[in-house]
$ cat structure_29.txt   # compact mmCIF, C-alpha atoms and all ligand atoms
# COMPACT_ATOMS: atom_id res chain seq x y z
CA MET A 1 63.14 -0.63 -14.97
CA HIS A 2 63.64 -0.53 -11.26
CA ARG A 3 60.20 0.99 -10.67
CA GLY A 4 58.60 -1.47 -13.10
CA ALA A 5 60.19 -4.43 -11.36
CA GLY A 6 58.99 -3.05 -8.04
CA ARG A 7 55.42 -2.89 -9.28
CA ALA A 8 55.67 -6.44 -10.58
CA ARG A 9 56.98 -7.70 -7.22
CA TYR A 10 54.22 -5.81 -5.39
CA GLY A 11 51.56 -7.30 -7.67
CA THR A 12 52.92 -10.81 -7.22
CA ALA A 13 53.10 -10.40 -3.46
CA LEU A 14 49.42 -9.36 -3.30
CA VAL A 15 48.23 -12.28 -5.38
CA SER A 16 50.27 -14.85 -3.52
CA SER A 17 49.25 -13.47 -0.13
CA THR A 18 45.52 -13.88 -1.02
CA ALA A 19 46.07 -17.31 -2.50
CA ALA A 20 48.19 -18.38 0.49
CA SER A 21 45.42 -17.40 2.91
CA LEU A 22 42.95 -19.56 1.00
CA PRO A 23 44.82 -21.94 -1.29
CA ASP A 24 43.15 -24.04 -3.97
CA SER A 25 43.98 -27.12 -1.91
CA ALA A 26 41.68 -25.83 0.86
CA VAL A 27 38.85 -25.34 -1.65
CA LEU A 28 39.43 -28.83 -3.03
CA ALA A 29 39.41 -30.35 0.47
CA ALA A 30 36.20 -28.44 1.29
CA SER A 31 34.58 -29.81 -1.84
CA GLY A 32 35.41 -33.35 -0.67
CA ARG A 33 34.02 -32.61 2.79
CA LEU A 34 30.77 -31.27 1.33
CA ALA A 35 30.46 -34.28 -0.98
CA ALA A 36 30.89 -36.61 2.00
CA ALA A 37 28.19 -34.65 3.87
CA GLY A 38 25.77 -35.31 1.00
CA CYS A 39 25.63 -31.81 -0.47
CA PRO A 40 24.32 -32.17 -4.03
CA THR A 41 26.70 -29.62 -5.64
CA PRO A 42 29.85 -29.74 -3.48
CA GLU A 43 32.34 -28.22 -5.90
CA ALA A 44 30.19 -25.23 -6.82
CA ASP A 45 29.30 -24.67 -3.15
CA ALA A 46 32.95 -24.76 -2.06
CA ARG A 47 33.85 -22.23 -4.76
CA ALA A 48 30.94 -19.94 -3.82
CA LEU A 49 31.92 -20.05 -0.14
CA ALA A 50 35.56 -19.39 -1.05
CA ALA A 51 34.54 -16.35 -3.09
CA ALA A 52 32.36 -15.09 -0.20
CA SER A 53 35.22 -15.57 2.29
CA ARG A 54 37.70 -13.78 0.05
CA ALA A 55 35.28 -10.92 -0.64
CA GLU A 56 34.98 -9.98 3.01
CA ALA A 57 37.56 -7.44 4.10
CA GLY A 58 40.06 -8.21 6.83
CA ALA A 59 42.29 -11.05 7.87
CA GLY A 60 41.15 -14.55 8.72
CA VAL A 61 39.98 -15.66 5.28
CA LEU A 62 40.76 -19.30 6.01
CA ALA A 63 38.94 -19.22 9.37
CA ARG A 64 35.90 -17.63 7.71
CA PHE A 65 35.96 -20.22 4.97
CA ASP A 66 36.31 -23.11 7.45
CA SER A 67 33.35 -21.87 9.45
CA LEU A 68 31.15 -21.50 6.35
CA VAL A 69 32.15 -24.95 5.08
CA ALA A 70 31.33 -26.49 8.47
CA ARG A 71 27.87 -24.90 8.35
CA ARG A 72 27.33 -26.06 4.78
CA ALA A 73 28.45 -29.57 5.77
CA ALA A 74 25.69 -29.39 8.42
CA ARG A 75 23.44 -28.76 5.40
CA GLU A 76 22.61 -25.12 6.08
CA PRO A 77 21.29 -23.77 2.74
CA LEU A 78 23.97 -22.14 0.63
CA ALA A 79 21.70 -19.10 0.17
CA TYR A 80 21.63 -18.50 3.95
CA LEU A 81 25.42 -18.70 4.12
CA LEU A 82 25.83 -16.27 1.23
CA GLY A 83 22.94 -14.17 2.56
CA ARG A 84 21.36 -13.86 -0.86
CA GLN A 85 19.39 -15.63 -3.57
CA THR A 86 18.68 -14.52 -7.11
CA PHE A 87 15.05 -14.76 -8.20
CA ARG A 88 13.98 -13.60 -11.65
CA GLY A 89 17.09 -11.49 -11.89
CA LEU A 90 16.57 -9.78 -8.52
CA GLU A 91 19.15 -10.31 -5.81
CA LEU A 92 17.18 -10.92 -2.64
CA ARG A 93 18.53 -10.95 0.86
CA VAL A 94 17.61 -14.21 2.58
CA ASP A 95 18.30 -15.77 5.95
CA ALA A 96 16.76 -18.32 8.30
CA ARG A 97 13.65 -16.14 8.78
CA VAL A 98 12.39 -16.98 5.28
CA LEU A 99 12.11 -19.85 2.85
CA VAL A 100 14.72 -19.64 0.09
CA PRO A 101 12.80 -18.66 -3.08
CA ARG A 102 12.77 -21.56 -5.57
CA PRO A 103 13.08 -21.25 -9.35
CA HIS A 104 9.82 -23.15 -9.88
CA THR A 105 7.98 -20.26 -8.15
CA GLU A 106 8.65 -18.26 -11.31
CA ALA A 107 5.52 -19.98 -12.66
CA LEU A 108 3.47 -18.07 -10.06
CA VAL A 109 5.01 -14.79 -11.16
CA GLU A 110 4.32 -15.67 -14.81
CA ALA A 111 0.64 -16.17 -13.92
CA GLY A 112 0.63 -12.70 -12.33
CA LEU A 113 2.12 -11.15 -15.45
CA THR A 114 -1.13 -11.94 -17.32
CA LEU A 115 -3.17 -9.62 -15.07
CA PRO A 116 -4.75 -6.48 -16.51
CA ARG A 117 -3.08 -3.10 -16.12
CA ARG A 118 -3.27 -1.44 -12.71
CA ALA A 119 -4.72 -4.55 -11.05
CA ARG A 120 -4.67 -4.51 -7.23
CA VAL A 121 -2.64 -7.59 -6.41
CA LEU A 122 -1.92 -9.35 -3.13
CA ASP A 123 1.08 -11.69 -2.83
CA LEU A 124 -0.10 -13.76 0.12
CA CYS A 125 2.48 -15.79 2.08
CA THR A 126 5.12 -13.46 0.70
CA GLY A 127 8.14 -14.69 2.73
CA SER A 128 11.20 -12.84 1.36
CA GLY A 129 8.86 -10.83 -0.88
CA ALA A 130 10.14 -12.65 -3.97
CA VAL A 131 6.85 -12.88 -5.89
CA ALA A 132 5.62 -9.37 -5.02
CA LEU A 133 8.97 -7.77 -5.87
CA ALA A 134 9.35 -9.66 -9.14
CA LEU A 135 5.84 -8.56 -10.16
CA VAL A 136 6.46 -4.89 -9.41
CA HIS A 137 9.83 -5.07 -11.14
CA GLU A 138 8.38 -6.59 -14.30
CA ARG A 139 4.99 -4.87 -14.22
CA PRO A 140 5.37 -1.47 -12.53
CA ASP A 141 1.74 -0.67 -13.39
CA LEU A 142 0.44 -3.31 -10.95
CA ARG A 143 -0.44 -2.15 -7.42
CA VAL A 144 1.14 -4.84 -5.32
CA SER A 145 0.93 -5.66 -1.62
CA GLY A 146 2.61 -8.51 0.23
CA ALA A 147 1.30 -10.23 3.37
CA ASP A 148 2.59 -12.92 5.68
CA LEU A 149 1.74 -14.37 9.08
CA SER A 150 5.37 -14.06 10.17
CA PRO A 151 6.63 -10.62 11.28
CA ASP A 152 10.18 -11.94 10.82
CA ALA A 153 9.50 -12.76 7.18
CA LEU A 154 7.88 -9.34 6.66
CA ALA A 155 11.02 -7.68 8.03
CA VAL A 156 13.09 -9.47 5.36
CA ALA A 157 10.56 -8.62 2.63
CA GLY A 158 10.62 -4.95 3.68
CA GLU A 159 14.43 -4.87 3.62
CA ASN A 160 14.39 -6.39 0.14
CA GLY A 161 11.85 -3.87 -1.12
CA ASP A 162 13.91 -0.97 0.28
CA ALA A 163 17.21 -2.33 -1.06
CA LEU A 164 15.75 -2.79 -4.54
CA GLY A 165 13.80 0.47 -4.50
CA LEU A 166 10.58 -1.36 -5.40
CA ALA A 167 7.30 -0.10 -3.92
CA VAL A 168 5.23 -2.82 -2.23
CA SER A 169 2.99 -2.38 0.84
CA TRP A 170 3.68 -5.08 3.40
CA PHE A 171 1.34 -6.17 6.16
CA GLU A 172 0.79 -8.97 8.63
CA SER A 173 -2.19 -11.25 8.12
CA ASP A 174 -3.29 -14.80 8.76
CA LEU A 175 -4.21 -15.59 5.14
CA LEU A 176 -7.00 -13.15 4.17
CA LEU A 177 -8.28 -12.48 7.70
CA ALA A 178 -6.53 -9.10 8.02
CA ALA A 179 -6.28 -8.38 4.30
CA PRO A 180 -9.57 -6.65 3.52
CA GLY A 181 -8.71 -5.46 0.02
CA PRO A 182 -10.48 -5.02 -2.30
CA TRP A 183 -8.16 -7.16 -4.43
CA ASP A 184 -8.41 -7.85 -8.13
CA ALA A 185 -6.07 -10.79 -7.74
CA VAL A 186 -4.42 -12.88 -5.05
CA LEU A 187 -1.33 -15.02 -5.67
CA ALA A 188 -0.17 -17.38 -2.96
CA ASN A 189 2.68 -19.80 -2.48
CA VAL A 190 1.19 -21.27 0.69
CA PRO A 191 3.06 -23.92 2.69
CA TYR A 192 2.23 -27.23 0.97
CA ILE A 193 4.51 -30.04 2.09
CA ALA A 194 2.45 -33.03 3.24
CA GLU A 195 3.34 -34.54 6.62
CA ARG A 196 3.98 -37.90 4.99
CA ASP A 197 6.57 -36.33 2.65
CA GLU A 198 8.66 -34.71 5.40
CA PRO A 199 11.01 -37.70 5.89
CA ALA A 200 12.05 -37.39 2.23
CA LEU A 201 12.79 -33.65 2.36
CA ALA A 202 16.31 -32.35 1.78
CA HIS A 203 18.23 -31.77 5.02
CA GLU A 204 18.52 -28.12 4.04
CA MET A 205 14.76 -27.72 4.21
CA ILE A 206 13.77 -29.94 7.12
CA GLY A 207 16.72 -28.89 9.28
CA HIS A 208 17.03 -25.18 8.53
CA GLU A 209 14.12 -23.51 6.76
CA PRO A 210 11.22 -22.20 8.91
CA PRO A 211 8.71 -25.06 9.43
CA GLY A 212 5.84 -22.57 9.25
CA ALA A 213 6.91 -21.80 5.69
CA PHE A 214 6.50 -25.32 4.33
CA ARG A 215 4.22 -27.48 6.55
CA GLY A 216 0.89 -27.96 4.82
CA GLY A 217 -0.80 -30.51 7.10
CA TRP A 218 -1.53 -34.18 6.53
CA ASP A 219 -1.97 -34.02 2.75
CA GLY A 220 -0.27 -30.67 2.11
CA LEU A 221 -3.51 -28.89 1.27
CA ASP A 222 -4.65 -27.69 4.72
CA ILE A 223 -3.64 -24.07 4.19
CA ALA A 224 -4.82 -24.00 0.57
CA ARG A 225 -8.24 -25.22 1.77
CA ARG A 226 -8.41 -22.49 4.43
CA LEU A 227 -7.44 -19.83 1.93
CA VAL A 228 -9.92 -20.89 -0.75
CA GLY A 229 -12.62 -20.99 1.95
CA GLN A 230 -11.90 -17.30 2.69
CA ALA A 231 -11.74 -16.23 -0.96
CA ASP A 232 -15.42 -15.59 -1.79
CA ALA A 233 -14.67 -11.95 -2.66
CA ILE A 234 -11.52 -12.69 -4.66
CA PRO A 235 -12.11 -12.46 -8.45
CA TRP A 236 -8.84 -14.16 -9.50
CA LEU A 237 -6.72 -16.56 -7.47
CA ALA A 238 -3.44 -18.27 -8.35
CA LEU A 239 -2.07 -20.93 -6.03
CA GLU A 240 1.36 -22.55 -6.20
CA VAL A 241 0.92 -26.25 -5.42
CA GLY A 242 2.98 -29.34 -4.61
CA ASP A 243 4.12 -31.81 -7.28
CA GLU A 244 0.94 -33.90 -7.29
CA HIS A 245 -1.57 -31.39 -5.94
CA ALA A 246 -2.80 -29.72 -9.13
CA PRO A 247 -5.93 -31.87 -9.73
CA ALA A 248 -7.06 -31.63 -6.07
CA ALA A 249 -6.38 -27.89 -5.94
CA ALA A 250 -8.23 -27.33 -9.23
CA ALA A 251 -11.24 -29.23 -7.82
CA LEU A 252 -11.06 -27.11 -4.66
CA LEU A 253 -11.24 -23.90 -6.68
CA SER A 254 -14.13 -25.20 -8.83
CA ASP A 255 -16.03 -26.30 -5.71
CA HIS A 256 -15.72 -22.76 -4.34
CA GLY A 257 -17.23 -21.05 -7.38
CA PHE A 258 -14.13 -20.29 -9.42
CA ALA A 259 -14.76 -20.76 -13.14
CA ASP A 260 -12.23 -21.21 -15.90
CA VAL A 261 -9.78 -23.10 -13.67
CA THR A 262 -6.47 -23.70 -15.46
CA THR A 263 -3.00 -24.91 -14.52
CA ARG A 264 0.45 -23.64 -15.46
CA ARG A 265 3.56 -25.78 -15.62
CA ASP A 266 6.89 -24.79 -14.09
CA PHE A 267 10.20 -25.00 -15.98
CA THR A 268 10.52 -28.70 -15.12
CA GLY A 269 7.12 -29.49 -16.67
CA VAL A 270 5.30 -30.02 -13.34
CA GLU A 271 1.77 -28.56 -13.04
CA ARG A 272 2.78 -25.96 -10.45
CA VAL A 273 0.17 -23.22 -10.41
CA VAL A 274 -3.61 -23.47 -10.38
CA VAL A 275 -5.48 -20.34 -11.48
CA GLY A 276 -9.20 -19.68 -11.09
CA SER A 277 -11.29 -16.65 -11.88
CA ARG A 278 -14.86 -15.66 -11.10
CA PRO A 279 -17.22 -14.16 -13.64
CA PRO A 280 -17.42 -10.36 -13.17
CA ALA A 281 -20.14 -9.34 -10.68
CA GLY A 282 -23.48 -8.99 -12.47
CA ALA A 283 -22.47 -11.21 -15.39
CA SER A 284 -25.01 -13.84 -16.29
CA LEU A 285 -23.86 -17.40 -16.87
CA SER A 286 -26.94 -18.26 -18.94
C1 LIG A 301 6.24 -21.46 0.93
S1 LIG A 301 6.67 -19.95 1.75
C2 LIG A 301 6.56 -18.85 0.38
C3 LIG A 301 7.50 -17.68 0.49
C4 LIG A 301 7.63 -16.86 -0.82
N1 LIG A 301 6.32 -16.43 -1.31
C5 LIG A 301 8.32 -17.65 -1.89
O1 LIG A 301 7.65 -18.07 -2.84
O2 LIG A 301 9.55 -17.84 -1.81
C6 LIG A 301 5.20 -19.73 2.67
C7 LIG A 301 5.09 -18.45 3.49
O3 LIG A 301 3.78 -18.46 4.05
C8 LIG A 301 3.80 -17.89 5.33
N2 LIG A 301 2.60 -18.38 6.04
C9 LIG A 301 2.38 -19.57 6.63
N3 LIG A 301 1.14 -19.64 7.13
C10 LIG A 301 0.55 -18.46 6.84
C11 LIG A 301 -0.76 -17.93 7.10
N4 LIG A 301 -1.68 -18.62 7.76
N5 LIG A 301 -1.02 -16.68 6.66
C12 LIG A 301 -0.09 -15.95 6.00
N6 LIG A 301 1.17 -16.40 5.73
C13 LIG A 301 1.47 -17.65 6.15
C14 LIG A 301 5.11 -18.34 5.91
O4 LIG A 301 5.52 -17.49 6.95
C15 LIG A 301 6.02 -18.28 4.67
O5 LIG A 301 6.68 -17.05 4.60

$ encode --input "structure_29.txt" --output "structure tokens"
Amino acid sequence: MHRGAGRARYGTALVSSTAASLPDSAVLAASGRLAAAGCPTPEADARALAAASRAEAGAGVLARFDSLVARRAAREPLAYLLGRQTFRGLELRVDARVLVPRPHTEALVEAGLTLPRRARVLDLCTGSGAVALALVHERPDLRVSGADLSPDALAVAGENGDALGLAVSWFESDLLLAAPGPWDAVLANVPYIAERDEPALAHEMIGHEPPGAFRGGWDGLDIARRLVGQADAIPWLALEVGDEHAPAAAALLSDHGFADVTTRRDFTGVERVVVGSRPPAGASLS
């Protein structure tokens, strides 16, 4: 009985020591602070930051939590503070070197899943490597490469590939200029935020994510236009586009010789991906 009571006291002491270092009242207060700062999901964020602070070994849980809450109140993306984002079931490491992968980008991956076996695929503008890694994970037969203009982003993509044990070749390229291929397919989530839309962006994006990952010029299509202009030798191209860009992007692909141009909707119903293919070389259209 004595030993049993001892174990019970020990267990209680452990629990209360952890709770005392980060009491529920602190999490509640943090939630209020995040709500006042305009964070859209303050309660969930406060709980996630509390869990992250508690999970780290060592003393100073409350100080860690306070620091994370202050950064979140300054609208740093939650994913950067946690250092990770889940995308199609893969846990990706993310930080300020890359755009946080968005759930609507799953529509681009879904387009890639329709490709024939063993296709040579380039995920252009790969950022964290989300699209390339999801494709290899779900279709190990595809031969996938990932390219980006930013060496910082490629470092993150490479770390993600290594951590997940997924084989993707990464390389630096300004769109297709240093990506000779040959490619059977190119998928690209190019930067596509129009200048005029920047004032309406979430603070998380405009204040913290890399501008080179989202700025798409005056109408948001500058980079898409450059890419399509370089894509004469690309038989199949899928472009993620902004909320109202699908008709203009579809016209762009048709104007550059892509036939059978279709769009795919994301999970919110927005036309998010424009896909074009070229007739196989030697095929007659007549
Ligand atoms: C919208 S993010 C997409 C990141 C990732 N594919 C995703 O879906 O989460 C755009 C990416 O394009 C890269 N980028 C911007 N301009 C580029 C260019 N001219 N050539 C190649 N990559 C470029 C940025 O560095 C950034 O990583």

$ residues_near_ligand --input "structure_29.txt" --ligand "ligand LIG 301 (chain A)" --cutoff "6 Å" --atoms "all atoms listed in the file" --output "PyMOL selection string"
chain A and resi 98-101+105+125-128+130-131+148-150+153+173-175+189-191+212-214

$ closest_residue --input "structure_29.txt" --among "A:Glu76, A:Glu138, A:Leu124, A:Ser53" --to "Ala178 (chain A)" --atoms "all atoms listed in the file"
A:Leu124

$ closest_residue --input "structure_29.txt" --among "A:Val168, A:Ala30, A:Val273, A:Ala50" --to "Asp243 (chain A)" --atoms "all atoms listed in the file"
A:Val273

$ closest_residue --input "structure_29.txt" --among "A:Leu187, A:Leu82, A:Val270, A:Ala231" --to "Gly257 (chain A)" --atoms "all atoms listed in the file"
A:Ala231

$ residues_around --input "structure_29.txt" --residues "region 225-229 of chain A" --least-positions-apart "2" --cutoff "8 Å" --atoms "all atoms listed in the file" --output "PDB file with C-alpha atoms, in the frame of the given file"
ATOM      1  CA  LEU A 175      -4.210 -15.590   5.140  1.00  0.00           C
ATOM      2  CA  LEU A 176      -7.000 -13.150   4.170  1.00  0.00           C
ATOM      3  CA  LEU A 221      -3.510 -28.890   1.270  1.00  0.00           C
ATOM      4  CA  ASP A 222      -4.650 -27.690   4.720  1.00  0.00           C
ATOM      5  CA  ILE A 223      -3.640 -24.070   4.190  1.00  0.00           C
ATOM      6  CA  ALA A 231     -11.740 -16.230  -0.960  1.00  0.00           C
ATOM      7  CA  ASP A 232     -15.420 -15.590  -1.790  1.00  0.00           C
ATOM      8  CA  LEU A 252     -11.060 -27.110  -4.660  1.00  0.00           C
ATOM      9  CA  LEU A 253     -11.240 -23.900  -6.680  1.00  0.00           C
ATOM     10  CA  HIS A 256     -15.720 -22.760  -4.340  1.00  0.00           C
TER      11      HIS A 256
END

$ atom_distance --input "structure_29.txt" --atom1 "CA of Leu49 (chain A)" --atom2 "CA of Gly83 (chain A)"
11.1 Å

$ atom_distance --input "structure_29.txt" --atom1 "CA of Leu108 (chain A)" --atom2 "CA of His203 (chain A)"
25.2 Å

$ closest_residue --input "structure_29.txt" --among "A:Leu164, A:Glu91, A:His208, A:Pro182" --to "Arg72 (chain A)" --atoms "all atoms listed in the file"
A:His208

$ closest_residue --input "structure_29.txt" --among "A:His137, A:Arg215, A:Arg196, A:Arg88" --to "Glu106 (chain A)" --atoms "all atoms listed in the file"
A:Arg88

$ atom_distance --input "structure_29.txt" --atom1 "CA of Ala79 (chain A)" --atom2 "CA of Pro199 (chain A)"
22.2 Å

$ residues_near_point --input "structure_29.txt" --point "(-10.4, -12.6, -8.8)" --cutoff "6 Å" --atoms "all atoms listed in the file" --output "NGL selection string"
:A and (184-185 or 234-237 or 277-278)

$ closest_residue --input "structure_29.txt" --among "A:Asp266, A:Glu271, A:Glu110, A:Glu240" --to "Tyr192 (chain A)" --atoms "all atoms listed in the file"
A:Glu240

$ residues_near_point --input "structure_29.txt" --point "(4.0, -38.9, 4.1)" --cutoff "12 Å" --atoms "all atoms listed in the file" --output "list in words"
Ile193, Ala194, Glu195, Arg196, Asp197, Glu198, Pro199, Ala200, Leu201, Arg215, Gly216, Gly217, Trp218, Asp219 and Gly220 of chain A

$ residues_around --input "structure_29.txt" --residues "Ser31 (chain A)" --least-positions-apart "4" --cutoff "6 Å" --atoms "only C-alpha atoms" --output "compact mmCIF listing (two decimals) with C-alpha atoms, in the frame of the given file"
# COMPACT_ATOMS: atom_id res chain seq x y z
CA PRO A 42 29.85 -29.74 -3.48
CA GLU A 43 32.34 -28.22 -5.90
CA ALA A 46 32.95 -24.76 -2.06
